[in-house]
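Undergrad: Next up is a structure, given as structure tokens.
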Amino acid sequence: MSEEYTTEQKAKLARHFLYVTPHGEVKDVVKDLKKVVQPSSIISDAWLNESMTEYNKRKFEIAIGDNSKVICCPQAEVAPNKYLHPEKKLVCLIDPVTQKITQESDASHLVGSGQNEEYRKAMSAKLKEYLAGFYEDGSTPNSVVKGVGSVFVSNQGQIAIVISYKNLNQSNHWTGGWQSEWTLNVSSQGNTKVEGRIRINVHYYEDGNVQLNSTFNESGDVTVSDPASTAKNVMDKIAVLETDFQKNLDEFYVKMHDSTFKKMRRFYPVTGQKLDWKARVHSLIAEAASK
């Protein structure tokens, strides 16, 4: 007799499936969960709001409103489902299920001031230049990319740079997302480190189900001086670290074809000869006809 899961266990399992859902596919997964998880009361509005709130932060979802878009990330969170837009000095309230901005309010009191804000503004300007040069902005024909980058600063001079880009092409059965986050402290001048993490997820699901998940943690030495020079120094270092990550990923897949796959499976049978499938088909037909 099979063991029945409790309602709490089912809710926990369903939440796990939602949390590991690839970029751009969560609404489809929610529909399926509502069909397969019984009783249906498990996937309640309260469960969905709580689970989607966490999912949005984990995936750095981009919430869009009439005039703004904001990254749902821990660095921007000021309260549940309220995220800071540092450039516009706004707090954006989002609907976690629709991932839309439903309300905006003044956040001048939450944005840094003085020298810290000067560093943030300089970083933000350089970040925009970097994104324009290295990231697809969705303007090319048939592009399905959307993305944004933001810079945050604390009263203690802690800078956080967050980048979130989605490349979603569900009509062709693939999706992908890039998340990177970098931190450093500018409270005092001199040598310091910029530390960060890159996470990517790619899902291809036409006649199959293949996912790539990769996480990369790295740091680099930078110098804190005046805001303009510091911003250039930091963004140059981030560009090097992210470019190296992409190059290493490209090299990995080339090596995977040449070495890893060969160790997993022979390209040729033990005979060293390719199987003549046409001849084999004729042989099978002849054998079947003789019976």
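To be explicit about the labels: the chains of the structure tokens are called A, B, and onward in the order shown, and within each one the residues are counted from 1, while ligands get numbers from 1 in the order they are shown.
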Could you list, as an mmCIF file with N, CA and C atoms, in the first residue's frame, every residue within 10 Å of Thr230 in chain A, counting only C-alpha atoms and ignoring same-chain residues fewer than 5 positions away?
TA:
data_model
loop_
_atom_site.group_PDB
_atom_site.id
_atom_site.type_symbol
_atom_site.label_atom_id
_atom_site.label_comp_id
_atom_site.auth_asym_id
_atom_site.auth_seq_id
_atom_site.Cartn_x
_atom_site.Cartn_y
_atom_site.Cartn_z
ATOM 1 N N TYR A 119 28.923 58.109 -5.634
ATOM 2 C CA TYR A 119 29.496 56.846 -6.110
ATOM 3 C C TYR A 119 28.431 56.018 -6.826
ATOM 4 N N ALA A 122 27.695 57.463 -10.304
ATOM 5 C CA ALA A 122 28.801 57.204 -11.233
ATOM 6 C C ALA A 122 28.805 55.742 -11.669
ATOM 7 N N MET A 123 28.569 54.837 -10.716
ATOM 8 C CA MET A 123 28.498 53.404 -11.044
ATOM 9 C C MET A 123 27.340 53.124 -11.990
ATOM 10 N N VAL A 186 32.762 51.464 -0.565
ATOM 11 C CA VAL A 186 33.448 52.694 -0.982
ATOM 12 C C VAL A 186 33.539 53.684 0.172
ATOM 13 N N GLN A 189 38.865 55.247 0.863
ATOM 14 C CA GLN A 189 39.637 55.130 -0.365
ATOM 15 C C GLN A 189 40.820 54.181 -0.189
ATOM 16 N N VAL A 222 40.225 46.146 -6.924
ATOM 17 C CA VAL A 222 39.897 47.460 -7.483
ATOM 18 C C VAL A 222 40.399 48.525 -6.529
ATOM 19 N N THR A 223 40.447 49.750 -7.032
ATOM 20 C CA THR A 223 40.900 50.876 -6.222
ATOM 21 C C THR A 223 39.781 51.890 -6.080
ATOM 22 N N VAL A 224 39.500 52.281 -4.843
ATOM 23 C CA VAL A 224 38.490 53.301 -4.575
ATOM 24 C C VAL A 224 39.184 54.658 -4.488
ATOM 25 N N SER A 225 38.772 55.570 -5.389
ATOM 26 C CA SER A 225 39.301 56.936 -5.369
ATOM 27 C C SER A 225 38.123 57.890 -5.519
ATOM 28 N N MET A 235 33.707 48.792 -13.131
ATOM 29 C CA MET A 235 32.997 48.207 -14.272
ATOM 30 C C MET A 235 33.958 47.527 -15.248
ATOM 31 N N ASP A 236 35.173 48.048 -15.369
ATOM 32 C CA ASP A 236 36.183 47.374 -16.199
ATOM 33 C C ASP A 236 36.504 45.997 -15.621
#
Undergrad: Mind checking which residues fall within 10 Å of Gly147 in chain A, counting only C-alpha atoms, ignoring those fewer than 5 positions away in the same chain, and posting them as a list of chain:residue names?
TA: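 After dropping sequence-adjacent residues, the list is A:Glu61, A:Ile62, A:Lys69, A:Val70, A:Ile71, A:Leu131, A:Tyr135, A:Glu136, A:Asp137, A:Gly138, A:Ile163, A:Ser164, A:Tyr165, A:Lys166, A:Asn167, A:Gly177, A:Trp178, A:Gln179.
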Undergrad: Hey, can you spit out that residue selection with C-alpha atoms as a PDB file, in the first residue's frame?
TA:
ATOM      1  CA  GLU A  61      12.446  38.714 -12.020  1.00  0.00           C
ATOM      2  CA  ILE A  62      11.882  41.998 -13.824  1.00  0.00           C
ATOM      3  CA  LYS A  69      10.749  48.358 -14.479  1.00  0.00           C
ATOM      4  CA  VAL A  70      12.454  47.068 -11.380  1.00  0.00           C
ATOM      5  CA  ILE A  71      14.503  44.003 -10.422  1.00  0.00           C
ATOM      6  CA  LEU A 131      25.131  46.851 -20.600  1.00  0.00           C
ATOM      7  CA  TYR A 135      24.225  42.755 -23.443  1.00  0.00           C
ATOM      8  CA  GLU A 136      21.455  42.282 -25.995  1.00  0.00           C
ATOM      9  CA  ASP A 137      18.934  45.056 -25.393  1.00  0.00           C
ATOM     10  CA  GLY A 138      15.944  43.567 -27.217  1.00  0.00           C
ATOM     11  CA  ILE A 163      22.143  42.606 -13.492  1.00  0.00           C
ATOM     12  CA  SER A 164      19.194  40.524 -14.699  1.00  0.00           C
ATOM     13  CA  TYR A 165      18.563  39.547 -18.326  1.00  0.00           C
ATOM     14  CA  LYS A 166      16.053  37.080 -19.782  1.00  0.00           C
ATOM     15  CA  ASN A 167      16.116  35.552 -23.250  1.00  0.00           C
ATOM     16  CA  GLY A 177      18.348  33.814 -17.886  1.00  0.00           C
ATOM     17  CA  TRP A 178      21.484  35.600 -16.665  1.00  0.00           C
ATOM     18  CA  GLN A 179      21.791  36.881 -13.091  1.00  0.00           C
TER      19      GLN A 179
END
Undergrad: Tell me which protein, DNA and RNA residues are within 12 Å of His16 in chain A, counting only C-alpha atoms, leaving out same-chain ones fewer than 3 positions away, and put them as a PyMOL selection string.
TA: chain A and resi 9-13+19-21+29-30+33+51-52+54-55
Undergrad: Nearest to Arg199 in chain A: which of A:His109, A:Lys35, A:Arg58, A:Lys247 is it, counting only C-alpha atoms?
TA: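 Among the listed residues, A:Arg58 lies closest to Arg199 in chain A.
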Undergrad: Enumerate the residues of range 100-221 of chain A with a DSSP assignment of helix (DSSP H, G or I), computed from the backbone, and present them as number ranges by chain.
TA: A: 108-110, 114-134, 170-172
Undergrad: Leaving out Leu241 in chain A and any residue of its chain fewer than 3 positions from it, which residues lie within 9 Å of it when counting only C-alpha atoms, given as number ranges by chain?
TA: A: 218-220, 236-238, 244-246
Undergrad: Taking 2 positions as the minimum chain separation for residues in the same chain, which residues sit within 10 Å of Asn67 in chain A when counting only C-alpha atoms? Answer as an NGL selection string.
TA: :A and (64-65 or 69 or 101 or 104)
Undergrad: Emit the selected residues as an mmCIF file, in the first residue's frame, including all heavy atoms.
TA:
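As a result, part-v4.cif now contains:
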data_model
loop_
_atom_site.group_PDB
_atom_site.id
_atom_site.type_symbol
_atom_site.label_atom_id
_atom_site.label_comp_id
_atom_site.auth_asym_id
_atom_site.auth_seq_id
_atom_site.Cartn_x
_atom_site.Cartn_y
_atom_site.Cartn_z
ATOM 1 N N ILE A 64 7.399 44.943 -14.449
ATOM 2 C CA ILE A 64 7.224 46.060 -15.372
ATOM 3 C C ILE A 64 5.918 46.782 -15.070
ATOM 4 O O ILE A 64 4.890 46.152 -14.811
ATOM 5 C CB ILE A 64 7.242 45.567 -16.829
ATOM 6 C CG1 ILE A 64 8.586 44.890 -17.137
ATOM 7 C CG2 ILE A 64 6.993 46.713 -17.804
ATOM 8 C CD1 ILE A 64 8.673 44.271 -18.507
ATOM 9 N N GLY A 65 5.960 48.100 -15.094
ATOM 10 C CA GLY A 65 4.778 48.929 -14.937
ATOM 11 C C GLY A 65 4.579 49.816 -16.153
ATOM 12 O O GLY A 65 5.184 49.596 -17.203
ATOM 13 N N LYS A 69 10.500 49.780 -14.671
ATOM 14 C CA LYS A 69 10.749 48.358 -14.479
ATOM 15 C C LYS A 69 11.798 48.218 -13.387
ATOM 16 O O LYS A 69 12.724 49.023 -13.280
ATOM 17 C CB LYS A 69 11.179 47.658 -15.768
ATOM 18 C CG LYS A 69 12.397 48.210 -16.472
ATOM 19 C CD LYS A 69 12.625 47.420 -17.760
ATOM 20 C CE LYS A 69 13.813 47.974 -18.547
ATOM 21 N NZ LYS A 69 14.045 47.205 -19.795
ATOM 22 N N ILE A 101 4.079 45.860 -11.825
ATOM 23 C CA ILE A 101 4.087 46.941 -10.846
ATOM 24 C C ILE A 101 2.672 47.483 -10.731
ATOM 25 O O ILE A 101 2.056 47.864 -11.725
ATOM 26 C CB ILE A 101 5.053 48.060 -11.262
ATOM 27 C CG1 ILE A 101 6.497 47.525 -11.305
ATOM 28 C CG2 ILE A 101 4.960 49.244 -10.302
ATOM 29 C CD1 ILE A 101 7.500 48.522 -11.865
ATOM 30 N N GLU A 104 3.418 52.912 -7.322
ATOM 31 C CA GLU A 104 4.715 53.530 -7.095
ATOM 32 C C GLU A 104 4.574 54.623 -6.050
ATOM 33 O O GLU A 104 3.584 55.343 -6.034
ATOM 34 C CB GLU A 104 5.270 54.120 -8.395
ATOM 35 C CG GLU A 104 5.557 53.087 -9.480
ATOM 36 C CD GLU A 104 6.062 53.720 -10.775
ATOM 37 O OE1 GLU A 104 5.976 54.961 -10.881
ATOM 38 O OE2 GLU A 104 6.521 52.984 -11.657
#
Undergrad: Smallest atom-to-atom distance to Trp47 in chain A: which of A:Val78, A:Leu18, A:Cys72, A:Val26, using only C-alpha atoms?
TA: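 That would be A:Leu18, the residue with the smallest distance to Trp47 in chain A.
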Undergrad: Would you pick out the contacts of Tyr205 in chain A at 10 Å or less, using only C-alpha atoms, so that residues sharing its chain but fewer than 6 positions from it are not included, and give the list as a list in words?
TA: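 The residues that qualify are Gln170, Asn172, His173, Trp174, Thr175 and Gln211 of chain A.
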Undergrad: Taking only C-alpha atoms into account, name the residue in A:Asn49, A:Asn248, A:Gln75, A:Ser188 that is nearest to Gln115 in chain A.
TA: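 So, comparing all the options, the nearest one is A:Ser188.
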Undergrad: Between CA of Lys146 in chain A and CA of Lys89 in chain A, what is the distance, to one decimal in Å?
TA: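 According to the coordinates, CA of Lys146 in chain A and CA of Lys89 in chain A are separated by 21.9 Å.
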Undergrad: Given only C-alpha atoms as the basis, pick out the residue of A:Lys27, A:Lys57, A:Lys126, A:Arg15 nearest to Ile42 in chain A.
TA: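 Smallest distance to Ile42 in chain A is found for A:Arg15.
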Undergrad: For Arg120 in chain A, which of A:Ser214, A:Asn56, A:Ser68, A:Ser154 is the closest residue, counting only C-alpha atoms?
TA: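 Going through A:Ser214, A:Asn56, A:Ser68, A:Ser154 one by one, the smallest distance to Arg120 in chain A is for A:Ser154.
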Undergrad: So which one's closest to Lys59 in chain A, A:Gln156, A:Gln99, A:Gln38, A:Asn191? Using only C-alpha atoms, please.
TA: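 Nearest to Lys59 in chain A: A:Gln99.
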